[in-house]
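> I have a structure here, written as structure tokens, and I will follow up with some questions on it.
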Amino acid sequence: QEIPERIGYVVNYATHEWYQNVIKGMTDRANELGIELEVRDANQDAARQVSAAEDFMSQGVDVLIITPVNEDGVVPLLRRAAQDDIPVVLEGNPVRGMTTMVAICDYDTGYHAGVAAGEYARDNFDGQARVMNVGLPLLSATVLRSEGFMDGLRTILPEAEMVHDLDGGGNPDRALEVSSAALAQNSDINIIYGINDNSAQGGLQAWKASGRSQDGLLVVGTGGEGLGFINLMATEPAYQIEAAMFPEKVGYTTIDAAVSLFNGEEVPEHIVSPTATMIGDEWQQYYSVEGTTRSINWENVNAVPAADACMKTAADL
Amino acid sequence: MTETASSVAPPSRLRALTGNNEIVLIVILAVLCVLISIGAPQFYSVENVVAILRQCALVLIVASGMTMLLIAAEVDLSVGASLAFSGVVAMDVTNKTNSVLLGGLAGIAFGASVGLFNGLVVTRLRVNSLIATIATMMILQGGIYLYTREAVQNRHSIRLFTDLSTGYVGPVPVPVIIAALVFIACYVVLRHTMVGRYIYAVGANEKAARLSGLRSERLKLGVFVFTGMLVGLAGLLLASLMNTGQPTAGRGFELQVIAAVILGGTSLMGGRGTLIGTLLAVLVLKVIDNGIIILRWNQDLQMIVPGLVIIGATWLDLVRRKSDAR
Amino acid sequence: MPQSPDLALAPRPAPSILATLARRNEVALLICLLALIIFFSLASSSFLTPRNLTNVLGQASLAMVAGVGVAIVVMSGEIDVSIGSLAGAVGIPLVTIMNMTESLPLGIAGALLLALVVGVVNGYLVAYLGINSLIATLGTMFIIRGGIYLYTGQRSIPDTAYLEEFFQLGNGRFFDFLPYPALISLIILAIFIYVMRMRPFGRQIYAVGGNPEVARLAGFDVRRVKFICLVISALLAGVAGILLSSRLGSAVHVAGLGFEFQVVAAVVLGGVSLAGGVGSLVGVALGVLILSFLSNGLGMLNLATEWQLVVTGGIIIAAVAFDEFKRRNQKQ
Amino acid sequence: MLDEARTGHAAAIDTSIPALEMVGIGKRFPGVLALENVDLRLEPGKVHALMGENGAGKSTLIKILAGVYEKDVGTIRIAGREVEIRTPRDALSQGIKVVFQEIALIPEFTVAENIFLEDYPTSGAGNIRWRKIRDDAAALFDRIGFKVNPDARTGDLPVSQQQMVEIARALASEARIVVMDEPTSSLTPTEVEMLFSVIRRLTSLGIAILYVSHKLDEIFEIADTVTVLRDGRHISTQPKTAHTSDTLIRDMIGRQIGDLFPRSRGAGTGDVVVGVSGLSTAKLADIAFEARAGEVLGVFGLMGAGRTELAKALVGYDPIRTGTITIGGSPLCPHDTRTAVSLGIGLLTEDRKTEGLMLELPVMHNMSLASLGRFANMSFLDEKRERSAVQEFVDRFRVKTPSLEQHIKNLSGGNQQKVLLARWLMRGLKVIVVDEPTRGIDVGAKSEIFALIDRLAAEGLAVIMMTSEMPELLGLSDRIMVMAEGRITATMGRDEATQEKILNAAIA
Ligand SMILES: Nc1ncnc2c1ncn2[C@@H]1O[C@H](COP(=O)(O)OP(=O)(O)OP(=O)(O)O)[C@@H](O)[C@H]1O
Ligand SMILES: Nc1ncnc2c1ncn2[C@@H]1O[C@H](COP(=O)(O)OP(=O)(O)OP(=O)(O)O)[C@@H](O)[C@H]1O
Ligand SMILES: [Mg+2]
Ligand SMILES: [Mg+2]
């Protein structure tokens, strides 16, 4: 196998913990293989993403990796890259006309967390499941997670109901604000689902701020990318379930896909990166924490099986 | 009052309070409250009222300072980035020292030093405050990730820290009390002290103010620092409320604050504005935000309705002023 | 009454072109821009290539087009912060109509029509109802963005017509060299430089911004001037939105978020006073280019986002402070 | 241009019907009845003077004619035809040109562009002809005799030159009626002479002139008819020849004025309170002088002599290059107005609007600004005390204002000036520098201000008075200092001063 010299990665939002860990995985793998990896940040700006990719193409990188700010917004980029003979790997979201994409299955991730939540509610809440979804309609990935969660939950508790579907902006402070209002309106909520850790935390903090006890509450977070969820699981009794998405693994796999593509090998359209539902202190299987540094336990993460295909994708929305 | 000439009589309290566009805001607020509670009686639940007030508290604290800045004909767009950063600093220092006092002071001092930086750039380098503080916003957004790439977790577990935002004094949440104290202090300063008069004067005509012996630059610098301190205070409260120092917090906070201040009738050109107006505007905006969720409307309306209210209220006020003039 | 002495106030000869040039405020900006370009050329080998330089011109074009409009509004004494939302919104009629009719001109017409409507609303609110322009356009900014979300359900609208012209508009190059967006932005810039200097209407804009009361006394229709400025600004934001849409190949609901900040920063950096009546479009163009080259060059240096933000902020302050310093020294 | 361009027009002016008739004009502002049933009739080729105290309603009447304000009641006829004037454009198209009391120029534009603001000369393609604008402006100034640089940025010019630009602008294109609201308030006598010769030329072409001024000698020189307003009401309209100074003043203020220049004190011989030596700034060179407690030091100079510069350097506003200034013995830090004020020196500026007034703030806040410390208790204001102190000054100076809450922008120019003077007097100073203190002020108020200056000196203040008014200089000063081109060219005592001597020194 030949090794590309330079790979350019245009990331959606480099300062977010998720992407920091994706980049960390990519860098580790690129260093192992002796590849020069350059990262440009779109900073959530679709126009800036195009500019950054354009710069990479004019510099002549060997492979381009893109996490789309918006999946429709990079269609012309794929075409321009093809004109310049630069292979492109997408991370995160499928794009019309792409060759390959490395991504977790968002729907499935939510689904499995939903199943776990259903079992938890069956055992602890007499089968009552009234969900506040601290969601983010802005992105198809996060919408899939919420759908998956509810569908998974209903496999155990068919009566489960989403009593409030919120737009928490994916930010902790905004999530807290909207959750406060929703909690005031629906006092019978007993499950808080957050499409990312920040959203779950915002929902939980709103619960605590309203002066309620955490008995009879279940919080389910998604991501598991930083120290935040570990701290929450350790200190907050209600925070019991986390859908881990292993961003480092995503980064690692993406570089491998890029190398394969560079060699003209046949690659699947969707390379699925595995996710896992962690209940209680199961996170310790995958991560260990020392002070403020978290390290990944590659052995166990690599052992997590990945599905061949997702149950549902953005195309089904 | 009787012994002096009649023209010496001060205007009545009520008129002084409602002299500006405040009357329009009061009406809007009342209408909103009535309509929302018809649609969703939970609006008036203690829990919801407390939630609204707590949200108002953060914005009001910063908006009080921003009102003064706008009256002095300056503006600060870095408050959102600074809010997140000072929260992170407050949490980090509390972790390291195990002292809420030191952590809180560090957060406030951080906010104040951002204000100082802004103030120096504006008054010494004479950079227009709008662009100077956009630049500061960028520097802070970058700087916060240089400081920490991850949210700073609460490692100290001191009750007092979380009580700052979730505690109560009697039935009233602590942040609301803090905001009320800040507001009253700002109100008194602006209306009843020399400093307040000077702020209006500098905003209305800086040259004339300087010729009258005011140190306009120092005054502006002071208002920047004071606003920065309030941002630091709000950042501390936010960190307490989130129980983490969140580098991603505060996005768009500056727009919320500025929208409230100008909806409250403060002029961007300086020399005009009142804190009561700002208070009412903060309430109006937060009630709308809350009401849309309580009514289970589409949350996209949380942008559209405030937009309409900002334009509508300003227009109603113009109409009212015109008819007053007749 | 003794005869008046001729006190040194004889009309001076018309100043030489060179002297005028040296006094222009754009000079400081030009120095900043050249310094940046020289620095990046030395620091990165891939910076000073024709491909990269033309790329940057293309990337700058969105802010350039919208910046001209915003600058004109600011010169007239008002401000327009709704341009970011509007640039995002025009993609919707553009792509929808193209998908239905397979015609780019019809799509563009639809996009510009939406821009025109927004411009008329902004203009009416500000000029005829007398609502402060920051308030009015902040309001429309929220309304339009909320409207986009509501209408699209926070999904983007893909282009399914696959028109080649649509792709070329934002991604193609004139004679395989200059990106079309750069060409369009330069043409628009040239037209408005000419209008501001040579047409009475351009001078009316400066007059209205410099002192509306005086402009009124001189018989100008102040409200009409402001109205037209806001319409122009909306139309140019619409053009920027069309180019953006073509570069994104779709109508993206988050397109143009924060664009108003970028543009206002470039306009102020370019020496346009927010008080109105002062500034030049050449300065605005330089302001836009400084920010674009900065972003491109720092990327080339492989600087992390956080450092890029810090450096960009620092350079903005330094550039404006330098300009201000030069201005003050001139006065002495 | 003036004459050529007009000849065709002048032929069209019918001298038998009045150029302008305003009948029964009324205008009310919130809280003020500015005009009530006022009549005015202008004849072609005649100069009609409009007089009255500050706040009498002169500018309001003019602004109604110019389309700035809409009248509440009344009719306007131009050349016998009834017209509606709603906007300035209407007025311009009726051939009404106005020189406003407040300078109405775009500061960022060149002088030449300002002159042609109303009507840019354009080429066939509609492009502005910049060369023609500049050349025509230069030619226009030559013709009138004003010395103004057409290429200068208007905002950089001193007030006096801006006023010349204003006047020139009204003459740049054809007009039927030219209105001048205090056009000479910052002109030197020579320039006033030039203006008068222009006015005579205009009247000979059949153009009607409405002329507002507080300067009686000007009125007696140029006017044919005089209309007097008082408190918004029409008092009298008579040919100039029917008036004497006394009758005119009586009509204007409803009472007699005694001595315009009272003198209640001997020559000032107190301690030196202002000491200046070796002072140089960007515009001043080697200034040295002293001022003593209890004296009025008059400073005379032609336009651009540097008086305003000196005044601003004295109060620490402008940076100084070399030299020292001491106030009451203590040295003044340059570029620090705060210490200057606290040492007891204040400046009443020449340019009220941009350097004195806070237009958006109430009268009370404007007046008490410099002396808030007096009403403050640990920085907290005692508004009651403040209010009564302000009211006292409002009464004493007869400031016409409906209330202390009125925004100062709604006061007439003269009343604004009184508020600004009161700002300093309320504070209590050792030295007051007044730059053109009576610009735009009516005789009644003028005599009050003169009396005030005299009394201030008698109470032991040093008064440094920059003025262009010869009578005021000779009437009030104990000593006279003359400046030219940024230097002091002569200093003389009250007794040795003559008009000749002063002007010779000013030219030197
Ligand atoms: N826009 C306004 N709003 C309210 N009151 C006004 C306004 N303009 C003028 N006034 C009031 O109308 C009256 C007449 O003012 P005007 O300016 O016509 O006086 P004037 O005769 O020109 O005086 P001066 O000699 O001082 O210029 C004054 O009492 C003034 O305070
Ligand atoms: N030749 C000139 N051309 C343009 N401006 C000039 C010229 N000479 C002086 N000035 C202006 O005159 C001012 C200096 O004169 P200053 O106003 O101090 O004199 P003054 O004696 O107070 O005159 P005035 O009678 O106008 O008050 C400066 O602001 C300067 O810009
Ligand atoms: Mg007047
Ligand atoms: Mg002067």
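Residue names in the structure tokens use chain letters A, B, ... in the order shown, residue numbers from 1 in each chain, and ligand numbers from 1 in the order shown.
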Check range 62-272 of chain B with DSSP on the backbone and list each residue it calls alpha helix (DSSP H), as an MDAnalysis selection string.
chainID B and resid 62:71 79:97 100:123 129:147 159:166 174:192 194:204 206:211 216:242 253:263
> List the neighbours of Glu248 in chain A out to 7 Å using only C-alpha atoms; skip same-chain residues closer than 5 positions along the sequence, and give me the result as a PyMOL selection string.
chain A and resi 21-22+24-25
> Counting only C-alpha atoms, a student should be able to say which residues of chain B come within 8 Å of chain A; what is the right answer, written as a VMD selection string?
chain B and resid 42 to 43 45 47 to 48 51 to 52 55 145 149 to 151 153 165 to 166 238 241 to 243 246 248 to 250 290 293 to 294 296 299
> How would you write, as a ChimeraX atom specification, the set of residues no farther than 10 Å from ligand 4 when counting only C-alpha atoms and all ligand atoms?
/D:158-160,186,300-312,349-351,435-436,466-468
> Give the residue list for ligand 3 at 9 Å, counting only C-alpha atoms and all ligand atoms, as a list in words, sorted by chain and then by residue number.
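Checked against 9 Å with only C-alpha atoms and all ligand atoms; the hits are Asn54, Gly55, Ala56, Gly57, Lys58, Ser59, Thr60, Ile62, Phe100, Gln101, Glu102, Asp181, Glu182, Val212, Ser412, Gly413, Gly414 and Gly440 of chain D.
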> Would you mind exporting N, CA and C atoms of the selected residues as a short mmCIF file (atom, residue, chain, number, x, y, z; two decimals), in the first residue's frame?

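Saved as out_21.cif:
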data_model
loop_
_atom_site.label_atom_id
_atom_site.label_comp_id
_atom_site.auth_asym_id
_atom_site.auth_seq_id
_atom_site.Cartn_x
_atom_site.Cartn_y
_atom_site.Cartn_z
N ASN D 54 -33.89 87.53 21.64
CA ASN D 54 -33.68 86.10 21.50
C ASN D 54 -34.98 85.37 21.82
N GLY D 55 -35.33 84.48 20.96
CA GLY D 55 -36.54 83.70 21.20
C GLY D 55 -37.81 84.42 20.76
N ALA D 56 -37.65 85.55 20.05
CA ALA D 56 -38.84 86.29 19.63
C ALA D 56 -39.58 85.54 18.53
N GLY D 57 -38.88 84.67 17.83
CA GLY D 57 -39.55 83.90 16.79
C GLY D 57 -39.04 84.17 15.39
N LYS D 58 -37.96 84.90 15.30
CA LYS D 58 -37.43 85.25 13.97
C LYS D 58 -37.03 84.01 13.17
N SER D 59 -36.21 83.18 13.82
CA SER D 59 -35.74 82.00 13.08
C SER D 59 -36.90 81.08 12.74
N THR D 60 -37.87 81.00 13.63
CA THR D 60 -39.02 80.16 13.36
C THR D 60 -39.76 80.63 12.12
N ILE D 62 -38.55 82.30 9.69
CA ILE D 62 -37.71 82.02 8.52
C ILE D 62 -37.77 80.54 8.16
N PHE D 100 -28.87 80.21 6.93
CA PHE D 100 -29.42 79.92 8.26
C PHE D 100 -28.53 80.41 9.38
N GLN D 101 -29.17 80.59 10.53
CA GLN D 101 -28.43 81.05 11.70
C GLN D 101 -27.40 80.01 12.12
N GLU D 102 -27.85 78.74 12.21
CA GLU D 102 -26.87 77.70 12.49
C GLU D 102 -26.26 77.30 11.16
N ASP D 181 -30.28 84.92 8.11
CA ASP D 181 -30.54 84.90 9.55
C ASP D 181 -29.21 85.09 10.27
N GLU D 182 -28.99 86.29 10.74
CA GLU D 182 -27.72 86.64 11.42
C GLU D 182 -26.50 86.21 10.62
N VAL D 212 -31.96 89.39 9.13
CA VAL D 212 -32.09 89.34 10.57
C VAL D 212 -30.75 89.66 11.20
N SER D 412 -33.80 79.01 21.66
CA SER D 412 -33.21 79.85 20.62
C SER D 412 -31.73 80.03 20.93
N GLY D 413 -30.97 80.41 19.90
CA GLY D 413 -29.52 80.51 20.03
C GLY D 413 -29.10 81.36 21.21
N GLY D 414 -29.74 82.49 21.35
CA GLY D 414 -29.34 83.40 22.43
C GLY D 414 -29.56 82.77 23.79
N GLY D 440 -24.62 86.34 18.27
CA GLY D 440 -26.01 85.92 18.15
C GLY D 440 -26.88 86.28 19.34
#
> When you get a sec, could you note down which chain B residues fall within 8 Å of chain D, using only C-alpha atoms, as a list of chain:residue names?
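Residues satisfying the distance criterion: B:Thr4, B:Ser7, B:Val8, B:His192, B:Thr193, B:Met194, B:Val195, B:Arg197, B:Tyr198, B:Ala201, B:Ala204, B:Asn205, B:Lys207, B:Ala208, B:Ala209, B:Arg210, B:Leu211, B:Ser212, B:Gly213, B:Leu214, B:Arg215, B:Gly271, B:Arg272, B:Ala325, B:Arg326.
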> Output N, CA, C and O atoms for every residue in that selection, as an mmCIF file, in the first residue's frame.

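Output (part.cif):
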data_model
loop_
_atom_site.group_PDB
_atom_site.id
_atom_site.type_symbol
_atom_site.label_atom_id
_atom_site.label_comp_id
_atom_site.auth_asym_id
_atom_site.auth_seq_id
_atom_site.Cartn_x
_atom_site.Cartn_y
_atom_site.Cartn_z
ATOM 1 N N THR B 4 -41.330 77.535 46.535
ATOM 2 C CA THR B 4 -40.620 77.942 45.320
ATOM 3 C C THR B 4 -41.604 78.138 44.182
ATOM 4 O O THR B 4 -42.758 77.725 44.260
ATOM 5 N N SER B 7 -42.590 76.559 38.520
ATOM 6 C CA SER B 7 -41.780 75.912 37.493
ATOM 7 C C SER B 7 -40.622 75.126 38.108
ATOM 8 O O SER B 7 -39.942 74.373 37.433
ATOM 9 N N VAL B 8 -40.403 75.334 39.419
ATOM 10 C CA VAL B 8 -39.324 74.615 40.061
ATOM 11 C C VAL B 8 -39.741 73.188 40.416
ATOM 12 O O VAL B 8 -38.923 72.312 40.644
ATOM 13 N N HIS B 192 -28.940 59.383 40.040
ATOM 14 C CA HIS B 192 -28.824 60.269 41.197
ATOM 15 C C HIS B 192 -27.408 60.633 41.578
ATOM 16 O O HIS B 192 -27.200 61.211 42.628
ATOM 17 N N THR B 193 -26.439 60.289 40.757
ATOM 18 C CA THR B 193 -25.077 60.667 41.142
ATOM 19 C C THR B 193 -24.414 61.479 40.042
ATOM 20 O O THR B 193 -24.878 61.512 38.901
ATOM 21 N N MET B 194 -23.324 62.090 40.421
ATOM 22 C CA MET B 194 -22.559 62.869 39.454
ATOM 23 C C MET B 194 -22.068 61.977 38.318
ATOM 24 O O MET B 194 -22.115 62.360 37.155
ATOM 25 N N VAL B 195 -21.591 60.794 38.697
ATOM 26 C CA VAL B 195 -21.065 59.891 37.674
ATOM 27 C C VAL B 195 -22.105 59.644 36.592
ATOM 28 O O VAL B 195 -21.818 59.679 35.397
ATOM 29 N N ARG B 197 -24.650 61.532 35.725
ATOM 30 C CA ARG B 197 -24.790 62.725 34.890
ATOM 31 C C ARG B 197 -23.653 62.815 33.889
ATOM 32 O O ARG B 197 -23.842 63.156 32.728
ATOM 33 N N TYR B 198 -22.447 62.515 34.369
ATOM 34 C CA TYR B 198 -21.282 62.615 33.499
ATOM 35 C C TYR B 198 -21.370 61.620 32.357
ATOM 36 O O TYR B 198 -20.975 61.909 31.230
ATOM 37 N N ALA B 201 -23.583 63.067 29.887
ATOM 38 C CA ALA B 201 -22.967 64.236 29.253
ATOM 39 C C ALA B 201 -21.916 63.805 28.233
ATOM 40 O O ALA B 201 -21.876 64.335 27.122
ATOM 41 N N ALA B 204 -23.580 62.536 25.222
ATOM 42 C CA ALA B 204 -24.310 63.530 24.445
ATOM 43 C C ALA B 204 -23.366 64.429 23.666
ATOM 44 O O ALA B 204 -23.658 64.810 22.542
ATOM 45 N N ASN B 205 -22.246 64.818 24.249
ATOM 46 C CA ASN B 205 -21.294 65.669 23.543
ATOM 47 C C ASN B 205 -19.952 65.589 24.253
ATOM 48 O O ASN B 205 -19.715 66.254 25.254
ATOM 49 N N LYS B 207 -16.885 66.482 23.377
ATOM 50 C CA LYS B 207 -16.032 67.681 23.366
ATOM 51 C C LYS B 207 -16.459 68.643 24.454
ATOM 52 O O LYS B 207 -15.642 69.149 25.223
ATOM 53 N N ALA B 208 -17.775 68.900 24.483
ATOM 54 C CA ALA B 208 -18.282 69.852 25.470
ATOM 55 C C ALA B 208 -18.030 69.339 26.877
ATOM 56 O O ALA B 208 -17.705 70.104 27.784
ATOM 57 N N ALA B 209 -18.165 68.027 27.059
ATOM 58 C CA ALA B 209 -17.952 67.469 28.385
ATOM 59 C C ALA B 209 -16.499 67.671 28.805
ATOM 60 O O ALA B 209 -16.211 68.057 29.943
ATOM 61 N N ARG B 210 -15.590 67.459 27.890
ATOM 62 C CA ARG B 210 -14.191 67.644 28.248
ATOM 63 C C ARG B 210 -13.900 69.087 28.566
ATOM 64 O O ARG B 210 -13.203 69.404 29.521
ATOM 65 N N LEU B 211 -14.476 69.987 27.774
ATOM 66 C CA LEU B 211 -14.247 71.407 28.046
ATOM 67 C C LEU B 211 -14.859 71.820 29.371
ATOM 68 O O LEU B 211 -14.482 72.826 29.957
ATOM 69 N N SER B 212 -15.839 71.083 29.850
ATOM 70 C CA SER B 212 -16.428 71.399 31.148
ATOM 71 C C SER B 212 -15.651 70.737 32.273
ATOM 72 O O SER B 212 -16.101 70.727 33.410
ATOM 73 N N GLY B 213 -14.525 70.132 31.951
ATOM 74 C CA GLY B 213 -13.678 69.605 33.009
ATOM 75 C C GLY B 213 -13.904 68.137 33.327
ATOM 76 O O GLY B 213 -13.446 67.671 34.359
ATOM 77 N N LEU B 214 -14.619 67.416 32.478
ATOM 78 C CA LEU B 214 -14.771 65.984 32.731
ATOM 79 C C LEU B 214 -13.614 65.244 32.080
ATOM 80 O O LEU B 214 -13.153 65.611 31.009
ATOM 81 N N ARG B 215 -13.197 64.164 32.741
ATOM 82 C CA ARG B 215 -12.183 63.339 32.086
ATOM 83 C C ARG B 215 -12.916 62.243 31.333
ATOM 84 O O ARG B 215 -13.139 61.155 31.849
ATOM 85 N N GLY B 271 -26.053 59.428 25.032
ATOM 86 C CA GLY B 271 -26.749 60.541 25.671
ATOM 87 C C GLY B 271 -28.198 60.285 26.019
ATOM 88 O O GLY B 271 -28.832 61.125 26.656
ATOM 89 N N ARG B 272 -28.742 59.140 25.582
ATOM 90 C CA ARG B 272 -30.147 58.890 25.870
ATOM 91 C C ARG B 272 -30.374 57.448 26.266
ATOM 92 O O ARG B 272 -29.763 56.547 25.709
ATOM 93 N N ALA B 325 -46.701 64.988 21.186
ATOM 94 C CA ALA B 325 -46.170 66.287 20.835
ATOM 95 C C ALA B 325 -47.268 67.251 20.421
ATOM 96 O O ALA B 325 -47.086 68.451 20.396
ATOM 97 N N ARG B 326 -48.428 66.729 20.101
ATOM 98 C CA ARG B 326 -49.500 67.612 19.654
ATOM 99 C C ARG B 326 -50.209 68.265 20.823
ATOM 100 O O ARG B 326 -50.179 67.799 21.902
#
> So that I can check the surroundings of Ile83 in chain C, please list as JSON, numbers by chain every protein, DNA and RNA residue that reaches within 8 Å of it, counting only C-alpha atoms and ignoring chain neighbours fewer than 6 positions away.
{"C": [66, 141, 233, 234, 237, 259, 260]}
> Tell me, in Å to one decimal, how far CA of Ile143 in chain C is from CA of Val70 in chain C.
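Going from CA of Ile143 in chain C over to CA of Val70 in chain C, I get 19.0 Å.
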> So which bits of range 274-351 of chain D end up strand (DSSP E) when you DSSP the backbone, as a ChimeraX atom specification?
/D:274-280,287-292,296-301,322-327,330-331,345-348
> Determine, for each residue of chain A having at least one atom at most 6 Å from an atom of chain C, the closest pair of atoms and their separation in Å to one decimal, counting only C-alpha atoms; order by chain and ascending number, as CSV.

residue,atom,partner,partner_atom,distance
A:Asp72,CA,C:Pro158,CA,5.7
A:Gly73,CA,C:Leu248,CA,4.2
A:Val74,CA,C:Leu248,CA,5.9
A:Pro76,CA,C:Gly249,CA,5.6
A:Leu138,CA,C:Gln154,CA,5.2
> Would you work out the distance separating CA of Ile304 in chain B from CA of Ala84 in chain B, expressed in Å to one decimal?
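Interatomic distance here is 26.0 Å.
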> Would you list the contacts of Leu25 in chain B as a PyMOL selection string, taking every protein, DNA or RNA residue within 9 Å and counting only C-alpha atoms, but skipping same-chain residues closer than 3 positions in sequence?
chain B and resi 21-22+28-30+263-264+277+280-281+284+313+317
> Using only C-alpha atoms and all ligand atoms for the distances, tell me which of D:Glu174, D:Glu53, D:Asp135, D:Asp478 is nearest to ligand 1.
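Nearest candidate to ligand 1 out of D:Glu174, D:Glu53, D:Asp135, D:Asp478: D:Glu53.
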> Show which residues sit within 9 Å of Asp92 in chain B, as a PyMOL selection string. Count only C-alpha atoms, and ignore same-chain residues fewer than 2 positions away.
chain B and resi 87-90+94-97+103+152-155+245
> Restrict the selected residues to N, CA and C atoms and save them as an mmCIF file, in the first residue's frame.

data_model
loop_
_atom_site.group_PDB
_atom_site.id
_atom_site.type_symbol
_atom_site.label_atom_id
_atom_site.label_comp_id
_atom_site.auth_asym_id
_atom_site.auth_seq_id
_atom_site.Cartn_x
_atom_site.Cartn_y
_atom_site.Cartn_z
ATOM 1 N N GLY B 87 -16.622 32.485 33.261
ATOM 2 C CA GLY B 87 -17.172 31.315 33.949
ATOM 3 C C GLY B 87 -16.134 30.210 34.077
ATOM 4 N N VAL B 88 -15.396 30.002 32.994
ATOM 5 C CA VAL B 88 -14.349 28.975 33.006
ATOM 6 C C VAL B 88 -13.292 29.318 34.051
ATOM 7 N N VAL B 89 -12.882 30.585 34.042
ATOM 8 C CA VAL B 89 -11.858 31.012 35.000
ATOM 9 C C VAL B 89 -12.363 30.832 36.434
ATOM 10 N N ALA B 90 -13.620 31.245 36.656
ATOM 11 C CA ALA B 90 -14.159 31.147 38.019
ATOM 12 C C ALA B 90 -14.152 29.689 38.483
ATOM 13 N N THR B 94 -11.741 28.166 41.428
ATOM 14 C CA THR B 94 -12.383 27.543 42.582
ATOM 15 C C THR B 94 -11.859 26.121 42.775
ATOM 16 N N ASN B 95 -11.709 25.408 41.678
ATOM 17 C CA ASN B 95 -11.128 24.071 41.766
ATOM 18 C C ASN B 95 -9.754 24.106 42.426
ATOM 19 N N LYS B 96 -8.953 25.072 41.977
ATOM 20 C CA LYS B 96 -7.564 25.080 42.418
ATOM 21 C C LYS B 96 -7.401 25.582 43.833
ATOM 22 N N THR B 97 -8.266 26.508 44.252
ATOM 23 C CA THR B 97 -8.080 27.096 45.581
ATOM 24 C C THR B 97 -9.065 26.568 46.597
ATOM 25 N N GLY B 103 -12.463 32.095 43.706
ATOM 26 C CA GLY B 103 -12.926 31.759 42.357
ATOM 27 C C GLY B 103 -13.810 32.856 41.797
ATOM 28 N N VAL B 152 -14.511 22.912 31.970
ATOM 29 C CA VAL B 152 -13.886 22.724 33.275
ATOM 30 C C VAL B 152 -14.920 22.176 34.243
ATOM 31 N N GLN B 153 -14.658 20.973 34.745
ATOM 32 C CA GLN B 153 -15.635 20.307 35.608
ATOM 33 C C GLN B 153 -15.556 20.835 37.029
ATOM 34 N N ASN B 154 -16.656 20.680 37.718
ATOM 35 C CA ASN B 154 -16.678 21.041 39.130
ATOM 36 C C ASN B 154 -15.969 19.935 39.916
ATOM 37 N N ARG B 155 -14.773 20.239 40.461
ATOM 38 C CA ARG B 155 -14.051 19.241 41.249
ATOM 39 C C ARG B 155 -14.045 19.564 42.724
ATOM 40 N N GLY B 245 -17.512 24.999 33.893
ATOM 41 C CA GLY B 245 -17.077 26.157 33.119
ATOM 42 C C GLY B 245 -17.106 25.766 31.659
#
> Please provide as a list in words all residues within 9 Å of Leu301 in chain B, with the sequence filter that same-chain residues fewer than 2 positions apart are discarded (counting only C-alpha atoms).
Asp289, Ile292, Trp297, Asn298, Gln299, Met303, Ile304, Val305 and Pro306 of chain B; Ile143, Gly146, Gly147 and Leu150 of chain C
> Using only C-alpha atoms, which residue out of D:Arg134, D:Lys147, D:Arg487, D:Arg385 lies closest to chain C?
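Comparing D:Arg134, D:Lys147, D:Arg487, D:Arg385 against chain C, the winner is D:Lys147.
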> Return the neighbours of chain B among the residues of chain C, cut-off 7 Å, counting only C-alpha atoms, as an NGL selection string.
:C and (131 or 135-136 or 139-140 or 142-143 or 146-147 or 149-150 or 265 or 268 or 305-307 or 309-310 or 313-314 or 316-317 or 320-321 or 324)
> May I ask which of the residues D:Lys27, D:Arg398, D:Lys501, D:Arg176 is the closest one to chain C, counting only C-alpha atoms?
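Using only C-alpha atoms, chain C sits closest to D:Lys501.
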> Interatomic distance between CA of Phe253 in chain B and CA of Gly80 in chain B?
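Answer for the CA of Phe253 in chain B to CA of Gly80 in chain B separation: 4.7 Å.
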